[in-house]
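Next comes target_36.pdb, with PDB, C-alpha atoms.
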```pdb
ATOM      1  CA  MET T   1     261.271 133.409 254.621  1.00  0.00           C
ATOM      2  CA  ILE T   2     258.024 132.441 252.944  1.00  0.00           C
ATOM      3  CA  GLN T   3     258.400 131.593 249.273  1.00  0.00           C
ATOM      4  CA  ASN T   4     256.207 133.592 246.900  1.00  0.00           C
ATOM      5  CA  TYR T   5     254.767 130.484 245.234  1.00  0.00           C
ATOM      6  CA  MET T   6     253.456 129.322 248.609  1.00  0.00           C
ATOM      7  CA  VAL T   7     251.607 132.614 249.042  1.00  0.00           C
ATOM      8  CA  GLU T   8     250.282 132.346 245.472  1.00  0.00           C
ATOM      9  CA  LEU T   9     249.033 128.817 246.189  1.00  0.00           C
ATOM     10  CA  PHE T  10     247.444 129.983 249.447  1.00  0.00           C
ATOM     11  CA  ALA T  11     245.761 132.883 247.611  1.00  0.00           C
ATOM     12  CA  LEU T  12     244.532 130.480 244.921  1.00  0.00           C
ATOM     13  CA  LEU T  13     242.995 128.157 247.515  1.00  0.00           C
ATOM     14  CA  VAL T  14     241.294 131.065 249.289  1.00  0.00           C
ATOM     15  CA  LEU T  15     239.973 132.390 245.958  1.00  0.00           C
ATOM     16  CA  ILE T  16     238.545 128.955 245.166  1.00  0.00           C
ATOM     17  CA  LEU T  17     236.789 128.971 248.559  1.00  0.00           C
ATOM     18  CA  LEU T  18     235.501 132.509 247.933  1.00  0.00           C
ATOM     19  CA  THR T  19     234.266 131.467 244.481  1.00  0.00           C
ATOM     20  CA  ILE T  20     232.268 128.608 245.957  1.00  0.00           C
ATOM     21  CA  LEU T  21     230.781 130.841 248.656  1.00  0.00           C
ATOM     22  CA  ASP T  22     230.031 133.626 246.166  1.00  0.00           C
ATOM     23  CA  ILE T  23     228.255 131.299 243.737  1.00  0.00           C
ATOM     24  CA  ARG T  24     226.202 129.596 246.445  1.00  0.00           C
ATOM     25  CA  LYS T  25     225.304 132.516 248.717  1.00  0.00           C
ATOM     26  CA  ARG T  26     226.280 135.675 246.768  1.00  0.00           C
ATOM     27  CA  GLU T  27     228.276 136.720 249.827  1.00  0.00           C
ATOM     28  CA  PHE T  28     231.196 135.633 251.963  1.00  0.00           C
ATOM     29  CA  PRO T  29     232.743 136.697 255.277  1.00  0.00           C
ATOM     30  CA  ALA T  30     234.762 139.900 254.873  1.00  0.00           C
ATOM     31  CA  ILE T  31     237.339 138.588 257.327  1.00  0.00           C
ATOM     32  CA  ILE T  32     238.514 136.078 254.707  1.00  0.00           C
ATOM     33  CA  THR T  33     239.341 138.712 252.098  1.00  0.00           C
ATOM     34  CA  SER T  34     240.766 141.091 254.709  1.00  0.00           C
ATOM     35  CA  ALA T  35     243.031 138.407 256.171  1.00  0.00           C
ATOM     36  CA  LEU T  36     244.229 137.338 252.727  1.00  0.00           C
ATOM     37  CA  LEU T  37     244.899 140.968 251.798  1.00  0.00           C
ATOM     38  CA  PHE T  38     246.915 141.433 255.001  1.00  0.00           C
ATOM     39  CA  VAL T  39     248.992 138.270 254.473  1.00  0.00           C
ATOM     40  CA  VAL T  40     249.732 139.017 250.818  1.00  0.00           C
ATOM     41  CA  ALA T  41     250.588 142.656 251.598  1.00  0.00           C
ATOM     42  CA  ILE T  42     253.043 141.618 254.332  1.00  0.00           C
ATOM     43  CA  VAL T  43     254.749 139.016 252.156  1.00  0.00           C
ATOM     44  CA  ASN T  44     254.805 141.190 249.001  1.00  0.00           C
ATOM     45  CA  ILE T  45     255.547 144.539 250.642  1.00  0.00           C
ATOM     46  CA  SER T  46     257.969 145.391 247.828  1.00  0.00           C
ATOM     47  CA  ASN T  47     255.017 145.393 245.389  1.00  0.00           C
ATOM     48  CA  ILE T  48     252.865 147.707 247.510  1.00  0.00           C
ATOM     49  CA  GLU T  49     252.735 150.421 244.823  1.00  0.00           C
ATOM     50  CA  PHE T  50     251.046 147.980 242.431  1.00  0.00           C
ATOM     51  CA  GLY T  51     248.632 147.010 245.202  1.00  0.00           C
ATOM     52  CA  VAL T  52     247.731 150.683 245.587  1.00  0.00           C
ATOM     53  CA  LEU T  53     247.292 151.026 241.798  1.00  0.00           C
ATOM     54  CA  ALA T  54     245.106 147.910 241.774  1.00  0.00           C
ATOM     55  CA  PHE T  55     243.034 149.364 244.621  1.00  0.00           C
ATOM     56  CA  ILE T  56     242.507 152.548 242.591  1.00  0.00           C
ATOM     57  CA  LEU T  57     241.568 150.442 239.548  1.00  0.00           C
ATOM     58  CA  GLY T  58     239.145 148.438 241.686  1.00  0.00           C
ATOM     59  CA  TRP T  59     237.632 151.612 243.120  1.00  0.00           C
ATOM     60  CA  LEU T  60     237.104 152.938 239.598  1.00  0.00           C
ATOM     61  CA  LEU T  61     235.463 149.657 238.567  1.00  0.00           C
ATOM     62  CA  LEU T  62     233.279 149.841 241.676  1.00  0.00           C
ATOM     63  CA  ASP T  63     232.240 153.417 240.822  1.00  0.00           C
ATOM     64  CA  ILE T  64     231.150 152.442 237.302  1.00  0.00           C
ATOM     65  CA  ASP T  65     229.315 149.341 238.635  1.00  0.00           C
ATOM     66  CA  PHE T  66     231.614 146.895 236.856  1.00  0.00           C
ATOM     67  CA  ILE T  67     232.184 145.144 240.174  1.00  0.00           C
ATOM     68  CA  ARG T  68     229.636 145.055 242.973  1.00  0.00           C
ATOM     69  CA  GLY T  69     231.279 145.157 246.361  1.00  0.00           C
ATOM     70  CA  THR T  70     234.265 145.642 248.580  1.00  0.00           C
ATOM     71  CA  GLY T  71     235.079 141.942 248.427  1.00  0.00           C
ATOM     72  CA  ASP T  72     235.756 142.270 244.710  1.00  0.00           C
ATOM     73  CA  LEU T  73     237.768 145.425 245.418  1.00  0.00           C
ATOM     74  CA  LYS T  74     239.927 143.594 247.953  1.00  0.00           C
ATOM     75  CA  VAL T  75     240.522 140.670 245.570  1.00  0.00           C
ATOM     76  CA  ILE T  76     241.650 143.046 242.803  1.00  0.00           C
ATOM     77  CA  THR T  77     243.995 144.702 245.308  1.00  0.00           C
ATOM     78  CA  ILE T  78     245.358 141.294 246.307  1.00  0.00           C
ATOM     79  CA  MET T  79     246.047 140.476 242.660  1.00  0.00           C
ATOM     80  CA  GLY T  80     247.840 143.806 242.294  1.00  0.00           C
ATOM     81  CA  LEU T  81     250.199 142.834 245.095  1.00  0.00           C
ATOM     82  CA  PHE T  82     251.484 139.965 242.920  1.00  0.00           C
ATOM     83  CA  VAL T  83     252.428 142.369 240.099  1.00  0.00           C
ATOM     84  CA  SER T  84     256.129 143.110 239.740  1.00  0.00           C
ATOM     85  CA  ASN T  85     256.261 145.755 236.988  1.00  0.00           C
ATOM     86  CA  MET T  86     254.093 148.215 235.083  1.00  0.00           C
ATOM     87  CA  GLY T  87     253.776 145.979 232.018  1.00  0.00           C
ATOM     88  CA  MET T  88     252.338 143.199 234.150  1.00  0.00           C
ATOM     89  CA  PHE T  89     249.996 145.693 235.804  1.00  0.00           C
ATOM     90  CA  PHE T  90     248.636 146.658 232.390  1.00  0.00           C
ATOM     91  CA  LEU T  91     248.232 142.962 231.580  1.00  0.00           C
ATOM     92  CA  LEU T  92     246.310 142.448 234.824  1.00  0.00           C
ATOM     93  CA  THR T  93     244.076 145.427 234.021  1.00  0.00           C
ATOM     94  CA  ILE T  94     243.349 144.132 230.514  1.00  0.00           C
ATOM     95  CA  LEU T  95     242.621 140.637 231.846  1.00  0.00           C
ATOM     96  CA  ILE T  96     240.195 142.001 234.439  1.00  0.00           C
ATOM     97  CA  LEU T  97     238.369 144.057 231.822  1.00  0.00           C
ATOM     98  CA  ILE T  98     238.211 141.339 229.150  1.00  0.00           C
ATOM     99  CA  VAL T  99     237.407 138.379 231.391  1.00  0.00           C
ATOM    100  CA  GLY T 100     234.990 140.468 233.454  1.00  0.00           C
ATOM    101  CA  THR T 101     233.128 141.730 230.398  1.00  0.00           C
ATOM    102  CA  VAL T 102     232.882 138.265 228.828  1.00  0.00           C
ATOM    103  CA  TYR T 103     231.760 136.795 232.156  1.00  0.00           C
ATOM    104  CA  LYS T 104     229.079 139.445 232.665  1.00  0.00           C
ATOM    105  CA  LEU T 105     227.813 138.998 229.102  1.00  0.00           C
ATOM    106  CA  LEU T 106     227.641 135.229 229.555  1.00  0.00           C
ATOM    107  CA  MET T 107     225.752 135.575 232.815  1.00  0.00           C
ATOM    108  CA  VAL T 108     223.224 138.021 231.380  1.00  0.00           C
ATOM    109  CA  LYS T 109     222.779 136.688 227.825  1.00  0.00           C
ATOM    110  CA  VAL T 110     223.318 132.948 228.247  1.00  0.00           C
ATOM    111  CA  MET T 111     222.407 132.260 231.873  1.00  0.00           C
ATOM    112  CA  LYS T 112     219.650 134.924 231.887  1.00  0.00           C
ATOM    113  CA  GLN T 113     220.679 136.224 235.321  1.00  0.00           C
ATOM    114  CA  LYS T 114     219.044 139.504 236.165  1.00  0.00           C
ATOM    115  CA  ASP T 115     220.018 139.760 239.828  1.00  0.00           C
ATOM    116  CA  GLU T 116     223.444 140.367 241.318  1.00  0.00           C
ATOM    117  CA  THR T 117     226.052 138.209 239.598  1.00  0.00           C
ATOM    118  CA  ALA T 118     228.818 136.578 241.600  1.00  0.00           C
ATOM    119  CA  PHE T 119     231.988 138.216 240.225  1.00  0.00           C
ATOM    120  CA  ILE T 120     234.656 136.358 242.210  1.00  0.00           C
ATOM    121  CA  PRO T 121     234.616 133.447 239.692  1.00  0.00           C
ATOM    122  CA  ALA T 122     235.737 135.879 236.969  1.00  0.00           C
ATOM    123  CA  LEU T 123     238.485 137.190 239.248  1.00  0.00           C
ATOM    124  CA  LEU T 124     239.588 133.599 239.935  1.00  0.00           C
ATOM    125  CA  VAL T 125     239.998 133.057 236.179  1.00  0.00           C
ATOM    126  CA  VAL T 126     241.949 136.326 235.935  1.00  0.00           C
ATOM    127  CA  PHE T 127     244.210 135.300 238.838  1.00  0.00           C
ATOM    128  CA  ILE T 128     244.967 131.881 237.338  1.00  0.00           C
ATOM    129  CA  THR T 129     245.577 133.316 233.866  1.00  0.00           C
ATOM    130  CA  PHE T 130     247.780 136.078 235.253  1.00  0.00           C
ATOM    131  CA  GLN T 131     249.877 133.636 237.265  1.00  0.00           C
ATOM    132  CA  ILE T 132     250.353 131.343 234.253  1.00  0.00           C
ATOM    133  CA  VAL T 133     251.462 134.265 232.078  1.00  0.00           C
ATOM    134  CA  ASN T 134     253.663 135.587 234.891  1.00  0.00           C
ATOM    135  CA  TYR T 135     255.529 132.278 235.114  1.00  0.00           C
ATOM    136  CA  LEU T 136     255.852 131.957 231.341  1.00  0.00           C
ATOM    137  CA  ILE T 137     257.396 135.400 230.904  1.00  0.00           C
TER     138      ILE T 137
END
```

Let me see the file written as structure tokens.
Amino acid sequence: MIQNYMVELFALLVLILLTILDIRKREFPAIITSALLFVVAIVNISNIEFGVLAFILGWLLLDIDFIRGTGDLKVITIMGLFVSNMGMFFLLTILILIVGTVYKLLMVKVMKQKDETAFIPALLVVFITFQIVNYLI
């Protein structure tokens, strides 16, 4: 059986790749996020309800233009599949909102970006922070 930390490491490496692609090109192949979502969902099938909740959260964030595309939605869903209880889901939600808001403000105010901002880097920071907190608790 695949150990969860191996899947977390794999997800981290894929998110780093997606971050690089998102910063450079403002897009990445959808097959990468779809494949990662599939793998994480299969391995963490017991956490599927938190994946569904994360998908709903992502959809809400997409509707209010907090995130820009389905790639961001899939990454939020992937992060939800690593959640094991409702308290950690609330922590993930708060991290997404705080880190995302700070990131967007930095991009607009400091970097003076007016066009579409790559949001996967913010989600990478959320994923790393969440995993650190998850292992500490």

Each residue of stretch 40-83 of chain T with at least one atom at most 12 Å from stretch 12-22 of chain T should appear once, together with its nearest atom pair and the corresponding distance in Å (one decimal); atoms considered: all atoms listed in the file; ordering: chain, then increasing residue number; output as a tab-separated table.
```
residue	atom	partner	partner_atom	distance
T:Val40	CA	T:Leu12	CA	11.6
T:Arg68	CA	T:Asp22	CA	11.9
T:Gly69	CA	T:Asp22	CA	11.6
T:Gly71	CA	T:Leu18	CA	9.5
T:Asp72	CA	T:Leu18	CA	10.3
T:Lys74	CA	T:Leu15	CA	11.4
T:Val75	CA	T:Leu15	CA	8.3
T:Ile76	CA	T:Leu15	CA	11.2
T:Ile78	CA	T:Leu15	CA	10.4
T:Met79	CA	T:Leu12	CA	10.4
T:Phe82	CA	T:Leu12	CA	11.9
```

Find the distance between atom CA of T:Arg26 and atom CA of T:Val125 and write it in Å to one decimal. 17.5 Å

Provide the atom CA of T:Phe38 to atom CA of T:Ile98 distance in Å, to one decimal place.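 Separation between atom CA of T:Phe38 and atom CA of T:Ile98: 27.3 Å.
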
Enumerate, as a short mmCIF file (atom, residue, chain, number, x, y, z; two decimals) with C-alpha atoms, in the frame of the given file, the residues matched when the PyMOL selection byres ((chain T and resi 99-112) around 10) is run on the file above.
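Just written: selection_15.cif:
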```
data_model
loop_
_atom_site.label_atom_id
_atom_site.label_comp_id
_atom_site.auth_asym_id
_atom_site.auth_seq_id
_atom_site.Cartn_x
_atom_site.Cartn_y
_atom_site.Cartn_z
CA PHE T 66 231.61 146.90 236.86
CA ILE T 67 232.18 145.14 240.17
CA ILE T 94 243.35 144.13 230.51
CA LEU T 95 242.62 140.64 231.85
CA ILE T 96 240.20 142.00 234.44
CA LEU T 97 238.37 144.06 231.82
CA ILE T 98 238.21 141.34 229.15
CA GLN T 113 220.68 136.22 235.32
CA LYS T 114 219.04 139.50 236.16
CA ASP T 115 220.02 139.76 239.83
CA THR T 117 226.05 138.21 239.60
CA ALA T 118 228.82 136.58 241.60
CA PHE T 119 231.99 138.22 240.22
CA ILE T 120 234.66 136.36 242.21
CA PRO T 121 234.62 133.45 239.69
CA ALA T 122 235.74 135.88 236.97
CA LEU T 123 238.48 137.19 239.25
CA VAL T 125 240.00 133.06 236.18
CA VAL T 126 241.95 136.33 235.94
CA THR T 129 245.58 133.32 233.87
#
```

Just the residues within 10 Å of T:Ala41, please, counting all atoms listed in the file, with nothing from its chain fewer than 6 positions along; format it as a VMD selection string. chain T and resid 35 47 to 48 51 77 to 78 80 to 82

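Nearest to T:Ala30 of all the residues T:Thr93, T:Gln3, T:Ser46, T:Thr70 is T:Thr70, counting all atoms listed in the file.
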
Just how far from atom CA of T:Gly58 is atom CA of T:Leu73, in Å to one decimal? 5.0 Å

From T:Leu62, T:Leu57, T:Leu124, T:Val133, residue lying nearest T:Gly87 [all atoms listed in the file]: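 That would be T:Val133, the residue with the smallest distance to T:Gly87.
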
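With distances taken over all atoms listed in the file, T:Asn44 is the one residue among T:Phe50, T:Asn44, T:Leu91, T:Ser34 lying closest to T:Tyr5.
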
Could you write out as JSON the box around stretch 21-32 of chain T (axis-aligned, all atoms listed in the file, 6 Å on each side), with centre and edge lengths in Å to one decimal?
```
{"center_x": 231.9, "center_y": 134.7, "center_z": 250.5, "size_x": 25.2, "size_y": 22.3, "size_z": 25.6}
```

Can you spit out chain T with C-alpha atoms, as a PDB file, in the first residue's frame, from the structure just given?
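So the final result, stored in decode.pdb, reads:
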```
ATOM      1  CA  MET T   1       0.000   0.000   0.000  1.00  0.00           C
ATOM      2  CA  ILE T   2       1.222   3.476  -0.848  1.00  0.00           C
ATOM      3  CA  GLN T   3       2.214   5.521   2.180  1.00  0.00           C
ATOM      4  CA  ASN T   4       0.450   8.867   2.543  1.00  0.00           C
ATOM      5  CA  TYR T   5       3.706  10.817   2.870  1.00  0.00           C
ATOM      6  CA  MET T   6       4.784   9.526  -0.540  1.00  0.00           C
ATOM      7  CA  VAL T   7       1.582  10.877  -2.081  1.00  0.00           C
ATOM      8  CA  GLU T   8       2.086  14.184  -0.240  1.00  0.00           C
ATOM      9  CA  LEU T   9       5.642  14.407  -1.593  1.00  0.00           C
ATOM     10  CA  PHE T  10       4.418  13.570  -5.100  1.00  0.00           C
ATOM     11  CA  ALA T  11       1.702  16.245  -4.812  1.00  0.00           C
ATOM     12  CA  LEU T  12       4.291  18.753  -3.573  1.00  0.00           C
ATOM     13  CA  LEU T  13       6.573  18.059  -6.538  1.00  0.00           C
ATOM     14  CA  VAL T  14       3.686  18.398  -8.997  1.00  0.00           C
ATOM     15  CA  LEU T  15       2.590  21.659  -7.337  1.00  0.00           C
ATOM     16  CA  ILE T  16       6.131  23.008  -7.664  1.00  0.00           C
ATOM     17  CA  LEU T  17       6.057  22.127 -11.381  1.00  0.00           C
ATOM     18  CA  LEU T  18       2.628  23.761 -11.752  1.00  0.00           C
ATOM     19  CA  THR T  19       3.893  26.868  -9.942  1.00  0.00           C
ATOM     20  CA  ILE T  20       6.788  27.211 -12.361  1.00  0.00           C
ATOM     21  CA  LEU T  21       4.520  26.737 -15.378  1.00  0.00           C
ATOM     22  CA  ASP T  22       1.897  29.125 -13.986  1.00  0.00           C
ATOM     23  CA  ILE T  23       4.428  31.881 -13.302  1.00  0.00           C
ATOM     24  CA  ARG T  24       6.116  31.548 -16.691  1.00  0.00           C
ATOM     25  CA  LYS T  25       3.150  30.956 -19.002  1.00  0.00           C
ATOM     26  CA  ARG T  26       0.033  31.715 -16.894  1.00  0.00           C
ATOM     27  CA  GLU T  27      -1.259  28.289 -17.910  1.00  0.00           C
ATOM     28  CA  PHE T  28      -0.434  24.615 -17.620  1.00  0.00           C
ATOM     29  CA  PRO T  29      -1.732  21.364 -19.122  1.00  0.00           C
ATOM     30  CA  ALA T  30      -5.020  20.331 -17.503  1.00  0.00           C
ATOM     31  CA  ILE T  31      -3.966  16.692 -17.679  1.00  0.00           C
ATOM     32  CA  ILE T  32      -1.407  17.330 -14.923  1.00  0.00           C
ATOM     33  CA  THR T  33      -3.962  18.593 -12.411  1.00  0.00           C
ATOM     34  CA  SER T  34      -6.532  15.986 -13.462  1.00  0.00           C
ATOM     35  CA  ALA T  35      -4.047  13.131 -13.087  1.00  0.00           C
ATOM     36  CA  LEU T  36      -2.890  14.391  -9.695  1.00  0.00           C
ATOM     37  CA  LEU T  37      -6.505  14.750  -8.559  1.00  0.00           C
ATOM     38  CA  PHE T  38      -7.227  11.175  -9.670  1.00  0.00           C
ATOM     39  CA  VAL T  39      -4.163   9.723  -7.909  1.00  0.00           C
ATOM     40  CA  VAL T  40      -4.782  11.597  -4.659  1.00  0.00           C
ATOM     41  CA  ALA T  41      -8.495  10.703  -4.696  1.00  0.00           C
ATOM     42  CA  ILE T  42      -7.720   6.994  -5.164  1.00  0.00           C
ATOM     43  CA  VAL T  43      -5.119   6.935  -2.398  1.00  0.00           C
ATOM     44  CA  ASN T  44      -7.146   9.103   0.026  1.00  0.00           C
ATOM     45  CA  ILE T  45     -10.603   7.714  -0.738  1.00  0.00           C
ATOM     46  CA  SER T  46     -11.458   7.777   2.973  1.00  0.00           C
ATOM     47  CA  ASN T  47     -11.185  11.596   2.894  1.00  0.00           C
ATOM     48  CA  ILE T  48     -13.472  12.007  -0.121  1.00  0.00           C
ATOM     49  CA  GLU T  49     -16.048  14.049   1.827  1.00  0.00           C
ATOM     50  CA  PHE T  50     -13.411  16.708   2.540  1.00  0.00           C
ATOM     51  CA  GLY T  51     -12.437  16.658  -1.134  1.00  0.00           C
ATOM     52  CA  VAL T  52     -16.068  17.352  -2.020  1.00  0.00           C
ATOM     53  CA  LEU T  53     -16.213  20.175   0.564  1.00  0.00           C
ATOM     54  CA  ALA T  54     -12.982  21.619  -0.840  1.00  0.00           C
ATOM     55  CA  PHE T  55     -14.449  21.434  -4.352  1.00  0.00           C
ATOM     56  CA  ILE T  56     -17.502  23.383  -3.162  1.00  0.00           C
ATOM     57  CA  LEU T  57     -15.211  25.923  -1.466  1.00  0.00           C
ATOM     58  CA  GLY T  58     -13.176  26.218  -4.665  1.00  0.00           C
ATOM     59  CA  TRP T  59     -16.323  26.655  -6.744  1.00  0.00           C
ATOM     60  CA  LEU T  60     -17.456  29.442  -4.422  1.00  0.00           C
ATOM     61  CA  LEU T  61     -14.046  31.118  -4.707  1.00  0.00           C
ATOM     62  CA  LEU T  62     -14.250  30.758  -8.488  1.00  0.00           C
ATOM     63  CA  ASP T  63     -17.721  32.355  -8.524  1.00  0.00           C
ATOM     64  CA  ILE T  64     -16.527  35.400  -6.569  1.00  0.00           C
ATOM     65  CA  ASP T  65     -13.394  35.697  -8.771  1.00  0.00           C
ATOM     66  CA  PHE T  66     -11.000  34.943  -5.919  1.00  0.00           C
ATOM     67  CA  ILE T  67      -9.436  32.226  -8.058  1.00  0.00           C
ATOM     68  CA  ARG T  68      -9.335  32.322 -11.842  1.00  0.00           C
ATOM     69  CA  GLY T  69      -9.682  28.883 -13.336  1.00  0.00           C
ATOM     70  CA  THR T  70     -10.432  25.216 -13.069  1.00  0.00           C
ATOM     71  CA  GLY T  71      -6.780  24.435 -12.416  1.00  0.00           C
ATOM     72  CA  ASP T  72      -6.974  26.368  -9.159  1.00  0.00           C
ATOM     73  CA  LEU T  73     -10.265  24.613  -8.386  1.00  0.00           C
ATOM     74  CA  LYS T  74      -8.674  21.199  -8.895  1.00  0.00           C
ATOM     75  CA  VAL T  75      -5.681  22.092  -6.697  1.00  0.00           C
ATOM     76  CA  ILE T  76      -7.987  23.211  -3.868  1.00  0.00           C
ATOM     77  CA  THR T  77      -9.884  19.928  -4.238  1.00  0.00           C
ATOM     78  CA  ILE T  78      -6.604  18.002  -4.100  1.00  0.00           C
ATOM     79  CA  MET T  79      -5.660  19.798  -0.886  1.00  0.00           C
ATOM     80  CA  GLY T  80      -9.064  18.920   0.557  1.00  0.00           C
ATOM     81  CA  LEU T  81      -8.353  15.244  -0.024  1.00  0.00           C
ATOM     82  CA  PHE T  82      -5.463  15.484   2.466  1.00  0.00           C
ATOM     83  CA  VAL T  83      -7.784  16.780   5.216  1.00  0.00           C
ATOM     84  CA  SER T  84      -8.712  14.271   7.903  1.00  0.00           C
ATOM     85  CA  ASN T  85     -11.231  16.152  10.070  1.00  0.00           C
ATOM     86  CA  MET T  86     -13.478  19.207  10.095  1.00  0.00           C
ATOM     87  CA  GLY T  87     -11.090  21.282  12.213  1.00  0.00           C
ATOM     88  CA  MET T  88      -8.336  20.781   9.663  1.00  0.00           C
ATOM     89  CA  PHE T  89     -10.769  21.652   6.878  1.00  0.00           C
ATOM     90  CA  PHE T  90     -11.500  24.972   8.575  1.00  0.00           C
ATOM     91  CA  LEU T  91      -7.754  25.540   8.931  1.00  0.00           C
ATOM     92  CA  LEU T  92      -7.284  24.842   5.219  1.00  0.00           C
ATOM     93  CA  THR T  93     -10.095  27.267   4.365  1.00  0.00           C
ATOM     94  CA  ILE T  94      -8.603  30.007   6.549  1.00  0.00           C
ATOM     95  CA  LEU T  95      -5.137  29.439   5.070  1.00  0.00           C
ATOM     96  CA  ILE T  96      -6.483  29.682   1.520  1.00  0.00           C
ATOM     97  CA  LEU T  97      -8.312  32.913   2.308  1.00  0.00           C
ATOM     98  CA  ILE T  98      -5.471  34.577   4.233  1.00  0.00           C
ATOM     99  CA  VAL T  99      -2.577  33.513   2.015  1.00  0.00           C
ATOM    100  CA  GLY T 100      -4.621  34.146  -1.128  1.00  0.00           C
ATOM    101  CA  THR T 101      -5.637  37.633  -0.031  1.00  0.00           C
ATOM    102  CA  VAL T 102      -2.095  38.593   1.003  1.00  0.00           C
ATOM    103  CA  TYR T 103      -0.719  37.168  -2.248  1.00  0.00           C
ATOM    104  CA  LYS T 104      -3.237  39.052  -4.388  1.00  0.00           C
ATOM    105  CA  LEU T 105      -2.558  42.297  -2.514  1.00  0.00           C
ATOM    106  CA  LEU T 106       1.190  41.861  -2.964  1.00  0.00           C
ATOM    107  CA  MET T 107       0.800  41.191  -6.667  1.00  0.00           C
ATOM    108  CA  VAL T 108      -1.435  44.211  -7.234  1.00  0.00           C
ATOM    109  CA  LYS T 109       0.083  46.766  -4.829  1.00  0.00           C
ATOM    110  CA  VAL T 110       3.764  45.816  -4.792  1.00  0.00           C
ATOM    111  CA  MET T 111       4.335  44.094  -8.132  1.00  0.00           C
ATOM    112  CA  LYS T 112       1.829  46.359  -9.946  1.00  0.00           C
ATOM    113  CA  GLN T 113       0.319  43.438 -11.878  1.00  0.00           C
ATOM    114  CA  LYS T 114      -2.901  44.360 -13.589  1.00  0.00           C
ATOM    115  CA  ASP T 115      -3.377  41.257 -15.729  1.00  0.00           C
ATOM    116  CA  GLU T 116      -4.240  37.742 -14.623  1.00  0.00           C
ATOM    117  CA  THR T 117      -2.153  36.736 -11.614  1.00  0.00           C
ATOM    118  CA  ALA T 118      -0.772  33.226 -11.323  1.00  0.00           C
ATOM    119  CA  PHE T 119      -2.517  31.844  -8.215  1.00  0.00           C
ATOM    120  CA  ILE T 120      -0.903  28.403  -7.974  1.00  0.00           C
ATOM    121  CA  PRO T 121       2.118  29.863  -6.088  1.00  0.00           C
ATOM    122  CA  ALA T 122      -0.245  30.963  -3.297  1.00  0.00           C
ATOM    123  CA  LEU T 123      -1.809  27.497  -3.232  1.00  0.00           C
ATOM    124  CA  LEU T 124       1.680  25.959  -3.028  1.00  0.00           C
ATOM    125  CA  VAL T 125       2.370  28.056   0.087  1.00  0.00           C
ATOM    126  CA  VAL T 126      -0.987  26.975   1.540  1.00  0.00           C
ATOM    127  CA  PHE T 127      -0.221  23.304   0.819  1.00  0.00           C
ATOM    128  CA  ILE T 128       3.215  23.463   2.454  1.00  0.00           C
ATOM    129  CA  THR T 129       1.909  25.365   5.480  1.00  0.00           C
ATOM    130  CA  PHE T 130      -1.031  22.995   5.863  1.00  0.00           C
ATOM    131  CA  GLN T 131       1.196  19.926   5.712  1.00  0.00           C
ATOM    132  CA  ILE T 132       3.595  21.363   8.307  1.00  0.00           C
ATOM    133  CA  VAL T 133       0.719  22.151  10.674  1.00  0.00           C
ATOM    134  CA  ASN T 134      -0.851  18.751   9.978  1.00  0.00           C
ATOM    135  CA  TYR T 135       2.337  16.959  11.032  1.00  0.00           C
ATOM    136  CA  LEU T 136       2.811  19.149  14.102  1.00  0.00           C
ATOM    137  CA  ILE T 137      -0.688  18.513  15.436  1.00  0.00           C
TER     138      ILE T 137
END
```
